[in-house]
Amino acid sequence: MKQITVVKVGGNELDDPAFLTGLTEAVAAFVGPLMLVHGGGKEITAALAQTGVPNEFIAGLRVTSPEAMAVMQQVVCGTINQRVVASLVRVGVRALGLSGLDLGLLRCVPHRPDGLELGRVGLITLVDAVALHAMLAQGWVPTFAPVALGLDDGLSYNVNADMVAQAVAGALAPSELVFVSNVPGVILEGEVVPVLDQVAVEQAIACGAISGGMIPKVRAALDALAAGATQVRITNLAGFASGGTRFFAS
């Protein structure tokens with residue numbers, strides 16, 4: 001079975017036209033089955049402010065009231081998703097804009113870490129891998145907005161884009177999950193480290209060699225391995241095809 005590549009791109013990067021152009025070119029040049037998952041970031045925050053809907057974060061997750069969900073869904077499933085899809089199709093990529101609502105591809109339950117009440121924030125419990133494999137077999141590039149369908153209530157839920165990418169990569173194994181951001185990889189002693197495992201990551205965090213905004217990135221990489229991804233990479237557009245730092249289970 002061919003390895004499937006799942007690419008996660010942050011919403012904060014996708015409001016930059018130069019970044020979107022670079023991503024489009026990288027996807028068009030990529031060889032092999034590929035899927036995209038994107039976030040919403042700044043554009044959701046701006047839309048909530050414009051509509052007067054409260055914008056609150058708890059434990060790094062956006063508290064999502066029904067009103068906030070309506071705005072979030074419009075931004076990520078409409079504005080951002082269609083912008084990415086249009087850019088890809090323009091250069092010949094057979095991109096298909098999706099959310100977890102389509103065909104019920106991503107099902108979820110309410111996410112309540114440590115009992116916190118977050119509203120319509122979901123935790124994915126089911127991925128329709130059969131349908132996704134069928135799409136990939138057609139040469140399509142499924143492009144997901146981070147919205148899933150409630151397993152019990154049929155409502156739409158906001159799901160952290162990293163968690164969407166982790167769940168999809170786990171369901172489609174053998175898979176590689178690639179986190180694309182503005183950094184070339186994990187930099188230790190001035191150099192991009194080509195390979196890390198869980199033990200090395202924890203040691204680097206403990207001694208301060210990995211710090212700041214890189215900590216959640218490497219934690220997301222380890223979480224993806226735990227979710228079933230075969231391997232994970234953190235890279236930038238320049239390393240899209242094969243560069244960056246690879247993570248393997250210890």
# chains A, B, ... in the order shown; residues from 1 in each chain; ligands from 1
call {"tool": "select_by_dssp", "arguments": {"residues": "segment 156-203 of chain A", "states": "strand (DSSP E or B)", "output": "JSON, numbers by chain"}}
result
{"A": [156, 157, 158, 175, 176, 177, 178, 179, 180, 187, 188, 191, 192, 195, 196, 197]}
call {"tool": "write_last_selection", "arguments": {"atoms": "C-alpha atoms", "output": "CSV table (one decimal), in the first residue's frame"}}
result
chain,number,residue,atom,x,y,z
A,156,SER,CA,-21.3,20.9,13.5
A,157,TYR,CA,-18.3,21.2,15.8
A,158,ASN,CA,-15.1,23.2,15.7
A,175,SER,CA,0.9,7.7,6.5
A,176,GLU,CA,3.2,10.6,6.9
A,177,LEU,CA,1.9,13.7,8.6
A,178,VAL,CA,3.7,16.9,7.6
A,179,PHE,CA,3.3,20.1,9.6
A,180,VAL,CA,4.1,23.0,7.3
A,187,ILE,CA,16.8,23.6,15.2
A,188,LEU,CA,19.3,22.4,17.8
A,191,GLU,CA,21.2,23.2,12.8
A,192,VAL,CA,18.0,21.5,11.6
A,195,VAL,CA,15.6,12.9,13.0
A,196,LEU,CA,14.1,12.9,16.5
A,197,ASP,CA,12.3,10.3,18.6
call {"tool": "closest_atom_pairs", "arguments": {"of": "segment 146-249 of chain A", "to": "segment 95-109 of chain A", "cutoff": "10 Å", "atoms": "only C-alpha atoms", "output": "tab-separated table"}}
result
residue	atom	partner	partner_atom	distance
A:Pro146	CA	A:Ser99	CA	6.4
A:Val147	CA	A:Gly100	CA	5.5
A:Ala148	CA	A:Gly100	CA	4.2
A:Leu149	CA	A:Arg107	CA	4.8
A:Gly150	CA	A:Cys108	CA	5.0
A:Leu151	CA	A:Cys108	CA	5.4
A:Asp152	CA	A:Val109	CA	7.4
A:Asp153	CA	A:Val109	CA	8.9
A:Gly154	CA	A:Arg107	CA	9.0
A:Leu155	CA	A:Leu101	CA	9.0
A:Ser156	CA	A:Leu101	CA	7.2
A:Tyr157	CA	A:Cys108	CA	7.7
A:Asn158	CA	A:Cys108	CA	9.7
A:Val159	CA	A:Cys108	CA	8.6
A:Val164	CA	A:Leu106	CA	8.4
A:Ala167	CA	A:Leu106	CA	9.0
A:Val168	CA	A:Leu106	CA	8.6
call {"tool": "write_last_selection", "arguments": {"atoms": "C-alpha atoms", "output": "compact mmCIF listing (two decimals), in the first residue's frame"}}
result
# COMPACT_ATOMS: atom_id res chain seq x y z
CA PRO A 146 -11.48 21.64 10.63
CA VAL A 147 -15.20 21.05 11.20
CA ALA A 148 -16.70 17.68 12.17
CA LEU A 149 -20.18 16.21 12.59
CA GLY A 150 -21.46 15.40 16.06
CA LEU A 151 -21.83 11.64 16.42
CA ASP A 152 -24.94 11.82 18.61
CA ASP A 153 -26.51 15.24 17.96
CA GLY A 154 -25.76 15.84 14.25
CA LEU A 155 -24.43 19.35 14.98
CA SER A 156 -21.29 20.85 13.49
CA TYR A 157 -18.27 21.16 15.77
CA ASN A 158 -15.06 23.16 15.74
CA VAL A 159 -12.07 20.80 15.93
CA VAL A 164 -8.02 16.68 12.60
CA ALA A 167 -6.91 11.61 13.34
CA VAL A 168 -6.87 11.46 9.54
call {"tool": "residues_around", "arguments": {"residues": "Asn12 of chain A", "least_positions_apart": "6", "cutoff": "8 Å", "atoms": "only C-alpha atoms", "output": "ChimeraX atom specification"}}
result
/A:39-43
call {"tool": "write_last_selection", "arguments": {"atoms": "all heavy atoms", "output": "tab-separated table (two decimals), in the first residue's frame"}}
result
chain	number	residue	atom	x	y	z
A	39	GLY	N	-6.15	25.25	9.06
A	39	GLY	CA	-6.79	25.91	10.19
A	39	GLY	C	-7.47	27.20	9.76
A	39	GLY	O	-7.70	27.45	8.58
A	40	GLY	N	-7.80	28.02	10.77
A	40	GLY	CA	-8.49	29.28	10.50
A	40	GLY	C	-7.83	30.48	11.13
A	40	GLY	O	-7.77	31.55	10.54
A	41	GLY	N	-7.34	30.31	12.36
A	41	GLY	CA	-6.53	31.31	13.04
A	41	GLY	C	-7.06	32.74	13.02
A	41	GLY	O	-8.17	33.02	13.45
A	42	LYS	N	-6.21	33.63	12.48
A	42	LYS	CA	-6.48	35.06	12.57
A	42	LYS	C	-7.79	35.46	11.91
A	42	LYS	O	-8.48	36.38	12.38
A	42	LYS	CB	-5.32	35.85	11.93
A	42	LYS	CG	-4.03	35.78	12.70
A	42	LYS	CD	-2.98	36.67	12.10
A	42	LYS	CE	-2.48	36.16	10.77
A	42	LYS	NZ	-1.34	36.95	10.24
A	43	GLU	N	-8.16	34.79	10.82
A	43	GLU	CA	-9.36	35.21	10.10
A	43	GLU	C	-10.63	34.89	10.89
A	43	GLU	O	-11.62	35.63	10.81
A	43	GLU	CB	-9.39	34.56	8.71
A	43	GLU	CG	-8.32	35.13	7.79
A	43	GLU	CD	-8.37	34.54	6.39
A	43	GLU	OE1	-9.27	34.88	5.63
A	43	GLU	OE2	-7.47	33.72	6.08
call {"tool": "residues_around", "arguments": {"residues": "segment 200-215 of chain A", "least_positions_apart": "2", "cutoff": "12 Å", "atoms": "only C-alpha atoms", "output": "VMD selection string"}}
result
chain A and resid 179 181 to 193 195 to 198 217 to 222 234 to 235 245 to 250
call {"tool": "atom_distance", "arguments": {"atom1": "atom CA of Gly228 of chain A", "atom2": "atom CA of Val84 of chain A"}}
result
26.8 Å
call {"tool": "closest_residue", "arguments": {"among": "A:Val141, A:Leu36, A:Ala59, A:Ala86", "to": "Arg112 of chain A", "atoms": "only C-alpha atoms"}}
result
A:Ala59
call {"tool": "atom_distance", "arguments": {"atom1": "atom CA of Gly92 of chain A", "atom2": "atom CA of Gln3 of chain A"}}
result
22.2 Å
call {"tool": "select_by_dssp", "arguments": {"residues": "segment 41-98 of chain A", "states": "alpha helix (DSSP H)", "output": "MDAnalysis selection string"}}
result
chainID A and resid 41:51 66:73 81:90
call {"tool": "write_last_selection", "arguments": {"atoms": "N, CA and C atoms", "output": "tab-separated table (two decimals), in the first residue's frame"}}
result
chain	number	residue	atom	x	y	z
A	41	GLY	N	-7.34	30.31	12.36
A	41	GLY	CA	-6.53	31.31	13.04
A	41	GLY	C	-7.06	32.74	13.02
A	42	LYS	N	-6.21	33.63	12.48
A	42	LYS	CA	-6.48	35.06	12.57
A	42	LYS	C	-7.79	35.46	11.91
A	43	GLU	N	-8.16	34.79	10.82
A	43	GLU	CA	-9.36	35.21	10.10
A	43	GLU	C	-10.63	34.89	10.89
A	44	ILE	N	-10.62	33.81	11.67
A	44	ILE	CA	-11.75	33.54	12.55
A	44	ILE	C	-11.84	34.62	13.63
A	45	THR	N	-10.71	34.93	14.24
A	45	THR	CA	-10.67	35.95	15.28
A	45	THR	C	-11.18	37.29	14.75
A	46	ALA	N	-10.75	37.67	13.56
A	46	ALA	CA	-11.18	38.93	12.97
A	46	ALA	C	-12.68	38.93	12.68
A	47	ALA	N	-13.19	37.81	12.19
A	47	ALA	CA	-14.61	37.71	11.87
A	47	ALA	C	-15.46	37.77	13.13
A	48	LEU	N	-15.00	37.12	14.21
A	48	LEU	CA	-15.73	37.17	15.48
A	48	LEU	C	-15.77	38.60	16.01
A	49	ALA	N	-14.65	39.31	15.92
A	49	ALA	CA	-14.61	40.70	16.38
A	49	ALA	C	-15.56	41.57	15.56
A	50	GLN	N	-15.60	41.33	14.26
A	50	GLN	CA	-16.44	42.14	13.37
A	50	GLN	C	-17.92	41.93	13.66
A	51	THR	N	-18.28	40.72	14.05
A	51	THR	CA	-19.69	40.41	14.33
A	51	THR	C	-20.06	40.60	15.80
A	66	PRO	N	-22.75	28.45	19.94
A	66	PRO	CA	-23.43	28.29	18.64
A	66	PRO	C	-23.22	29.47	17.72
A	67	GLU	N	-23.18	30.68	18.28
A	67	GLU	CA	-22.95	31.88	17.46
A	67	GLU	C	-21.53	31.90	16.91
A	68	ALA	N	-20.56	31.53	17.74
A	68	ALA	CA	-19.16	31.47	17.29
A	68	ALA	C	-18.98	30.37	16.25
A	69	MET	N	-19.69	29.25	16.44
A	69	MET	CA	-19.60	28.15	15.48
A	69	MET	C	-20.08	28.58	14.11
A	70	ALA	N	-21.16	29.34	14.05
A	70	ALA	CA	-21.68	29.80	12.77
A	70	ALA	C	-20.66	30.67	12.04
A	71	VAL	N	-19.99	31.55	12.79
A	71	VAL	CA	-18.97	32.41	12.18
A	71	VAL	C	-17.76	31.59	11.75
A	72	MET	N	-17.29	30.72	12.66
A	72	MET	CA	-16.11	29.89	12.39
A	72	MET	C	-16.33	29.04	11.14
A	73	GLN	N	-17.51	28.43	11.06
A	73	GLN	CA	-17.80	27.54	9.94
A	73	GLN	C	-17.83	28.31	8.62
A	81	ASN	N	-11.24	27.72	2.90
A	81	ASN	CA	-11.20	26.47	2.15
A	81	ASN	C	-11.32	26.72	0.66
A	82	GLN	N	-12.24	27.59	0.27
A	82	GLN	CA	-12.43	27.83	-1.15
A	82	GLN	C	-11.26	28.60	-1.76
A	83	ARG	N	-10.62	29.44	-0.97
A	83	ARG	CA	-9.42	30.14	-1.45
A	83	ARG	C	-8.30	29.14	-1.75
A	84	VAL	N	-8.10	28.18	-0.84
A	84	VAL	CA	-7.05	27.18	-1.04
A	84	VAL	C	-7.38	26.29	-2.24
A	85	VAL	N	-8.61	25.82	-2.31
A	85	VAL	CA	-9.02	24.94	-3.40
A	85	VAL	C	-8.88	25.65	-4.74
A	86	ALA	N	-9.34	26.89	-4.83
A	86	ALA	CA	-9.26	27.63	-6.09
A	86	ALA	C	-7.82	27.80	-6.54
A	87	SER	N	-6.92	28.08	-5.59
A	87	SER	CA	-5.51	28.26	-5.92
A	87	SER	C	-4.91	26.96	-6.46
A	88	LEU	N	-5.28	25.82	-5.86
A	88	LEU	CA	-4.76	24.52	-6.31
A	88	LEU	C	-5.33	24.13	-7.67
A	89	VAL	N	-6.63	24.30	-7.85
A	89	VAL	CA	-7.26	23.93	-9.12
A	89	VAL	C	-6.70	24.76	-10.27
A	90	ARG	N	-6.39	26.00	-9.97
A	90	ARG	CA	-5.86	26.90	-11.01
A	90	ARG	C	-4.60	26.35	-11.66
call {"tool": "atom_distance", "arguments": {"atom1": "atom CA of Ala161 of chain A", "atom2": "atom CA of Val121 of chain A"}}
result
11.4 Å
call {"tool": "closest_atom_pairs", "arguments": {"of": "segment 132-169 of chain A", "to": "segment 27-32 of chain A", "cutoff": "12 Å", "atoms": "only C-alpha atoms", "output": "Markdown table"}}
result
| residue | atom | partner | partner_atom | distance |
| --- | --- | --- | --- | --- |
| A:Leu136 | CA | A:Gly32 | CA | 9.5 |
| A:Ala137 | CA | A:Gly32 | CA | 10.5 |
| A:Gln138 | CA | A:Gly32 | CA | 11.9 |
| A:Gly139 | CA | A:Gly32 | CA | 8.9 |
| A:Trp140 | CA | A:Gly32 | CA | 10.7 |
| A:Val141 | CA | A:Val27 | CA | 9.2 |
| A:Pro142 | CA | A:Val27 | CA | 11.9 |
| A:Thr143 | CA | A:Val27 | CA | 11.5 |
call {"tool": "write_last_selection", "arguments": {"atoms": "N, CA and C atoms", "output": "PDB file, in the first residue's frame"}}
result
ATOM      1  N   LEU A 136      -8.709   9.485  -2.959  1.00  0.00           N
ATOM      2  CA  LEU A 136      -7.286   9.500  -3.309  1.00  0.00           C
ATOM      3  C   LEU A 136      -7.017   8.630  -4.537  1.00  0.00           C
ATOM      4  N   ALA A 137      -7.742   7.529  -4.664  1.00  0.00           N
ATOM      5  CA  ALA A 137      -7.572   6.641  -5.818  1.00  0.00           C
ATOM      6  C   ALA A 137      -7.962   7.332  -7.118  1.00  0.00           C
ATOM      7  N   GLN A 138      -8.798   8.352  -7.041  1.00  0.00           N
ATOM      8  CA  GLN A 138      -9.188   9.123  -8.224  1.00  0.00           C
ATOM      9  C   GLN A 138      -8.157  10.191  -8.583  1.00  0.00           C
ATOM     10  N   GLY A 139      -7.109  10.313  -7.761  1.00  0.00           N
ATOM     11  CA  GLY A 139      -6.121  11.350  -7.988  1.00  0.00           C
ATOM     12  C   GLY A 139      -6.536  12.699  -7.428  1.00  0.00           C
ATOM     13  N   TRP A 140      -7.570  12.710  -6.579  1.00  0.00           N
ATOM     14  CA  TRP A 140      -8.031  13.942  -5.974  1.00  0.00           C
ATOM     15  C   TRP A 140      -7.178  14.294  -4.748  1.00  0.00           C
ATOM     16  N   VAL A 141      -7.200  15.570  -4.378  1.00  0.00           N
ATOM     17  CA  VAL A 141      -6.524  16.043  -3.167  1.00  0.00           C
ATOM     18  C   VAL A 141      -7.598  16.567  -2.211  1.00  0.00           C
ATOM     19  N   PRO A 142      -8.115  15.716  -1.304  1.00  0.00           N
ATOM     20  CA  PRO A 142      -9.091  16.189  -0.327  1.00  0.00           C
ATOM     21  C   PRO A 142      -8.487  17.305   0.524  1.00  0.00           C
ATOM     22  N   THR A 143      -9.221  18.405   0.671  1.00  0.00           N
ATOM     23  CA  THR A 143      -8.720  19.591   1.365  1.00  0.00           C
ATOM     24  C   THR A 143      -9.716  19.949   2.463  1.00  0.00           C
TER      25      THR A 143
END
call {"tool": "decode", "arguments": {"residues": "segment 140-168 of chain A", "atoms": "N, CA, C and O atoms", "output": "PDB file, in the first residue's frame"}}
result
ATOM      1  N   TRP A 140      -7.570  12.710  -6.579  1.00  0.00           N
ATOM      2  CA  TRP A 140      -8.031  13.942  -5.974  1.00  0.00           C
ATOM      3  C   TRP A 140      -7.178  14.294  -4.748  1.00  0.00           C
ATOM      4  O   TRP A 140      -6.534  13.429  -4.153  1.00  0.00           O
ATOM      5  N   VAL A 141      -7.200  15.570  -4.378  1.00  0.00           N
ATOM      6  CA  VAL A 141      -6.524  16.043  -3.167  1.00  0.00           C
ATOM      7  C   VAL A 141      -7.598  16.567  -2.211  1.00  0.00           C
ATOM      8  O   VAL A 141      -8.020  17.730  -2.303  1.00  0.00           O
ATOM      9  N   PRO A 142      -8.115  15.716  -1.304  1.00  0.00           N
ATOM     10  CA  PRO A 142      -9.091  16.189  -0.327  1.00  0.00           C
ATOM     11  C   PRO A 142      -8.487  17.305   0.524  1.00  0.00           C
ATOM     12  O   PRO A 142      -7.370  17.167   1.035  1.00  0.00           O
ATOM     13  N   THR A 143      -9.221  18.405   0.671  1.00  0.00           N
ATOM     14  CA  THR A 143      -8.720  19.591   1.365  1.00  0.00           C
ATOM     15  C   THR A 143      -9.716  19.949   2.463  1.00  0.00           C
ATOM     16  O   THR A 143     -10.805  20.455   2.191  1.00  0.00           O
ATOM     17  N   PHE A 144      -9.343  19.655   3.708  1.00  0.00           N
ATOM     18  CA  PHE A 144     -10.276  19.704   4.824  1.00  0.00           C
ATOM     19  C   PHE A 144     -10.218  20.997   5.619  1.00  0.00           C
ATOM     20  O   PHE A 144      -9.151  21.437   6.046  1.00  0.00           O
ATOM     21  N   ALA A 145     -11.405  21.577   5.864  1.00  0.00           N
ATOM     22  CA  ALA A 145     -11.584  22.569   6.912  1.00  0.00           C
ATOM     23  C   ALA A 145     -11.843  21.827   8.221  1.00  0.00           C
ATOM     24  O   ALA A 145     -12.449  20.748   8.216  1.00  0.00           O
ATOM     25  N   PRO A 146     -11.412  22.376   9.360  1.00  0.00           N
ATOM     26  CA  PRO A 146     -11.477  21.640  10.630  1.00  0.00           C
ATOM     27  C   PRO A 146     -12.838  21.714  11.311  1.00  0.00           C
ATOM     28  O   PRO A 146     -12.998  22.256  12.403  1.00  0.00           O
ATOM     29  N   VAL A 147     -13.836  21.125  10.661  1.00  0.00           N
ATOM     30  CA  VAL A 147     -15.196  21.049  11.199  1.00  0.00           C
ATOM     31  C   VAL A 147     -15.644  19.594  11.098  1.00  0.00           C
ATOM     32  O   VAL A 147     -15.425  18.952  10.064  1.00  0.00           O
ATOM     33  N   ALA A 148     -16.255  19.075  12.160  1.00  0.00           N
ATOM     34  CA  ALA A 148     -16.705  17.682  12.174  1.00  0.00           C
ATOM     35  C   ALA A 148     -18.172  17.616  12.574  1.00  0.00           C
ATOM     36  O   ALA A 148     -18.746  18.577  13.090  1.00  0.00           O
ATOM     37  N   LEU A 149     -18.765  16.441  12.334  1.00  0.00           N
ATOM     38  CA  LEU A 149     -20.178  16.208  12.586  1.00  0.00           C
ATOM     39  C   LEU A 149     -20.360  15.476  13.915  1.00  0.00           C
ATOM     40  O   LEU A 149     -19.750  14.429  14.139  1.00  0.00           O
ATOM     41  N   GLY A 150     -21.200  16.029  14.771  1.00  0.00           N
ATOM     42  CA  GLY A 150     -21.462  15.398  16.064  1.00  0.00           C
ATOM     43  C   GLY A 150     -22.038  14.002  15.903  1.00  0.00           C
ATOM     44  O   GLY A 150     -23.021  13.812  15.180  1.00  0.00           O
ATOM     45  N   LEU A 151     -21.444  13.043  16.568  1.00  0.00           N
ATOM     46  CA  LEU A 151     -21.834  11.641  16.425  1.00  0.00           C
ATOM     47  C   LEU A 151     -23.262  11.407  16.914  1.00  0.00           C
ATOM     48  O   LEU A 151     -24.032  10.657  16.306  1.00  0.00           O
ATOM     49  N   ASP A 152     -23.635  12.069  17.996  1.00  0.00           N
ATOM     50  CA  ASP A 152     -24.938  11.825  18.613  1.00  0.00           C
ATOM     51  C   ASP A 152     -25.976  12.894  18.288  1.00  0.00           C
ATOM     52  O   ASP A 152     -27.168  12.586  18.203  1.00  0.00           O
ATOM     53  N   ASP A 153     -25.534  14.157  18.112  1.00  0.00           N
ATOM     54  CA  ASP A 153     -26.511  15.242  17.957  1.00  0.00           C
ATOM     55  C   ASP A 153     -26.612  15.790  16.532  1.00  0.00           C
ATOM     56  O   ASP A 153     -27.494  16.603  16.236  1.00  0.00           O
ATOM     57  N   GLY A 154     -25.693  15.378  15.623  1.00  0.00           N
ATOM     58  CA  GLY A 154     -25.763  15.842  14.251  1.00  0.00           C
ATOM     59  C   GLY A 154     -25.420  17.305  14.071  1.00  0.00           C
ATOM     60  O   GLY A 154     -25.654  17.878  12.986  1.00  0.00           O
ATOM     61  N   LEU A 155     -24.829  17.947  15.080  1.00  0.00           N
ATOM     62  CA  LEU A 155     -24.432  19.347  14.983  1.00  0.00           C
ATOM     63  C   LEU A 155     -23.003  19.459  14.446  1.00  0.00           C
ATOM     64  O   LEU A 155     -22.229  18.500  14.502  1.00  0.00           O
ATOM     65  N   SER A 156     -22.663  20.616  13.928  1.00  0.00           N
ATOM     66  CA  SER A 156     -21.293  20.855  13.490  1.00  0.00           C
ATOM     67  C   SER A 156     -20.445  21.297  14.679  1.00  0.00           C
ATOM     68  O   SER A 156     -20.923  22.011  15.568  1.00  0.00           O
ATOM     69  N   TYR A 157     -19.186  20.847  14.674  1.00  0.00           N
ATOM     70  CA  TYR A 157     -18.267  21.157  15.768  1.00  0.00           C
ATOM     71  C   TYR A 157     -16.950  21.702  15.228  1.00  0.00           C
ATOM     72  O   TYR A 157     -16.463  21.278  14.175  1.00  0.00           O
ATOM     73  N   ASN A 158     -16.389  22.619  15.987  1.00  0.00           N
ATOM     74  CA  ASN A 158     -15.059  23.161  15.737  1.00  0.00           C
ATOM     75  C   ASN A 158     -14.034  22.169  16.307  1.00  0.00           C
ATOM     76  O   ASN A 158     -14.120  21.783  17.476  1.00  0.00           O
ATOM     77  N   VAL A 159     -13.098  21.732  15.470  1.00  0.00           N
ATOM     78  CA  VAL A 159     -12.069  20.796  15.926  1.00  0.00           C
ATOM     79  C   VAL A 159     -10.698  21.408  15.634  1.00  0.00           C
ATOM     80  O   VAL A 159     -10.463  21.935  14.542  1.00  0.00           O
ATOM     81  N   ASN A 160      -9.818  21.365  16.608  1.00  0.00           N
ATOM     82  CA  ASN A 160      -8.451  21.849  16.406  1.00  0.00           C
ATOM     83  C   ASN A 160      -7.845  21.186  15.169  1.00  0.00           C
ATOM     84  O   ASN A 160      -7.915  19.960  15.012  1.00  0.00           O
ATOM     85  N   ALA A 161      -7.268  21.995  14.257  1.00  0.00           N
ATOM     86  CA  ALA A 161      -6.792  21.464  12.980  1.00  0.00           C
ATOM     87  C   ALA A 161      -5.673  20.439  13.154  1.00  0.00           C
ATOM     88  O   ALA A 161      -5.581  19.480  12.372  1.00  0.00           O
ATOM     89  N   ASP A 162      -4.825  20.616  14.165  1.00  0.00           N
ATOM     90  CA  ASP A 162      -3.796  19.605  14.432  1.00  0.00           C
ATOM     91  C   ASP A 162      -4.446  18.263  14.749  1.00  0.00           C
ATOM     92  O   ASP A 162      -4.000  17.204  14.289  1.00  0.00           O
ATOM     93  N   MET A 163      -5.523  18.306  15.536  1.00  0.00           N
ATOM     94  CA  MET A 163      -6.202  17.069  15.930  1.00  0.00           C
ATOM     95  C   MET A 163      -6.911  16.418  14.744  1.00  0.00           C
ATOM     96  O   MET A 163      -6.977  15.192  14.649  1.00  0.00           O
ATOM     97  N   VAL A 164      -7.441  17.236  13.829  1.00  0.00           N
ATOM     98  CA  VAL A 164      -8.015  16.682  12.603  1.00  0.00           C
ATOM     99  C   VAL A 164      -6.941  15.950  11.809  1.00  0.00           C
ATOM    100  O   VAL A 164      -7.123  14.801  11.377  1.00  0.00           O
ATOM    101  N   ALA A 165      -5.801  16.611  11.618  1.00  0.00           N
ATOM    102  CA  ALA A 165      -4.716  16.015  10.836  1.00  0.00           C
ATOM    103  C   ALA A 165      -4.209  14.729  11.486  1.00  0.00           C
ATOM    104  O   ALA A 165      -3.931  13.733  10.799  1.00  0.00           O
ATOM    105  N   GLN A 166      -4.092  14.728  12.815  1.00  0.00           N
ATOM    106  CA  GLN A 166      -3.631  13.536  13.526  1.00  0.00           C
ATOM    107  C   GLN A 166      -4.607  12.379  13.346  1.00  0.00           C
ATOM    108  O   GLN A 166      -4.198  11.240  13.083  1.00  0.00           O
ATOM    109  N   ALA A 167      -5.899  12.663  13.463  1.00  0.00           N
ATOM    110  CA  ALA A 167      -6.907  11.610  13.339  1.00  0.00           C
ATOM    111  C   ALA A 167      -6.936  11.034  11.929  1.00  0.00           C
ATOM    112  O   ALA A 167      -7.028   9.812  11.741  1.00  0.00           O
ATOM    113  N   VAL A 168      -6.851  11.913  10.933  1.00  0.00           N
ATOM    114  CA  VAL A 168      -6.872  11.456   9.542  1.00  0.00           C
ATOM    115  C   VAL A 168      -5.623  10.637   9.228  1.00  0.00           C
ATOM    116  O   VAL A 168      -5.705   9.559   8.619  1.00  0.00           O
TER     117      VAL A 168
END
